[in-house]
file upload_35.txt (compact mmCIF, C-alpha atoms)
# COMPACT_ATOMS: atom_id res chain seq x y z
CA MET T 60 12.75 4.45 -18.14
CA GLU T 61 14.44 1.69 -16.16
CA ALA T 62 15.61 4.15 -13.53
CA LYS T 63 12.03 5.27 -12.93
CA VAL T 64 10.87 1.67 -12.53
CA LEU T 65 13.71 0.99 -10.08
CA LEU T 66 12.81 4.13 -8.17
CA GLU T 67 9.18 3.07 -7.89
CA LEU T 68 10.25 -0.41 -6.82
CA GLY T 69 12.54 1.13 -4.22
CA GLY T 70 9.65 3.21 -2.92
CA ASP T 71 7.46 0.12 -2.67
CA MET T 72 10.20 -1.72 -0.80
CA LEU T 73 10.52 1.22 1.59
CA GLU T 74 6.79 1.22 2.25
CA LEU T 75 6.91 -2.52 2.86
CA GLY T 76 9.82 -1.99 5.24
CA VAL T 77 7.85 0.63 7.16
CA VAL T 78 4.85 -1.71 7.39
CA LEU T 79 7.09 -4.51 8.66
CA LEU T 80 8.67 -2.16 11.19
CA GLU T 81 5.26 -1.12 12.50
CA PHE T 82 4.28 -4.79 12.68
CA ASP T 83 7.52 -5.48 14.59
CA VAL T 84 6.72 -2.71 17.06
CA ASP T 85 3.22 -4.14 17.57
CA LEU T 86 4.74 -7.57 18.25
CA LEU T 87 7.20 -6.03 20.71
CA GLU T 88 4.40 -4.23 22.55
CA PHE T 89 2.37 -7.46 22.56
CA GLY T 90 5.39 -9.30 23.96
CA GLY T 91 5.71 -6.68 26.70
CA VAL T 92 2.05 -7.04 27.59
CA MET T 93 2.39 -10.82 27.72
CA LEU T 94 5.45 -10.48 29.98
CA GLU T 95 3.53 -8.20 32.36
CA PHE T 96 0.62 -10.64 32.29
CA GLU T 97 2.97 -13.52 33.17
CA GLN T 98 4.41 -11.51 36.07
CA VAL T 99 0.89 -10.88 37.38
CA LEU T 100 0.17 -14.61 37.10
CA LEU T 101 3.39 -15.37 38.97
CA VAL T 102 2.29 -13.06 41.78
CA LEU T 103 -1.34 -14.26 41.81
CA GLY T 104 -0.49 -17.95 41.38
CA PRO T 105 0.66 -18.60 44.94
CA LEU T 106 -2.23 -16.51 46.31
CA THR T 107 -4.93 -18.35 44.36
CA TYR T 108 -3.46 -21.81 44.83
CA PRO T 109 -2.00 -22.06 48.31
CA LYS T 110 0.06 -25.17 48.83
call {"tool": "encode", "arguments": {"input": "upload_35.txt", "output": "structure tokens"}}
result
Amino acid sequence: MEAKVLLELGGDMLELGVVLLEFDVDLLEFGGVMLEFEQVLLVLGPLTYPK
């Protein structure tokens, strides 16, 4: 009985881990997009605001 409960709990933890991993990947992709956006701003900055 206890083994089955532990197994189910382990499965739930695995699912949670997968969800967190997917969330991590989304955050990484978002970070990459923000980095690209910052690079574009760095390039456009001097053009839009000439000294």
call {"tool": "atom_distance", "arguments": {"input": "upload_35.txt", "atom1": "atom CA of T:Glu95", "atom2": "atom CA of T:Val78"}}
result
25.8 Å
call {"tool": "atom_distance", "arguments": {"input": "upload_35.txt", "atom1": "atom CA of T:Gly76", "atom2": "atom CA of T:Phe89"}}
result
19.6 Å
call {"tool": "atom_distance", "arguments": {"input": "upload_35.txt", "atom1": "atom CA of T:Gly91", "atom2": "atom CA of T:Leu106"}}
result
23.3 Å
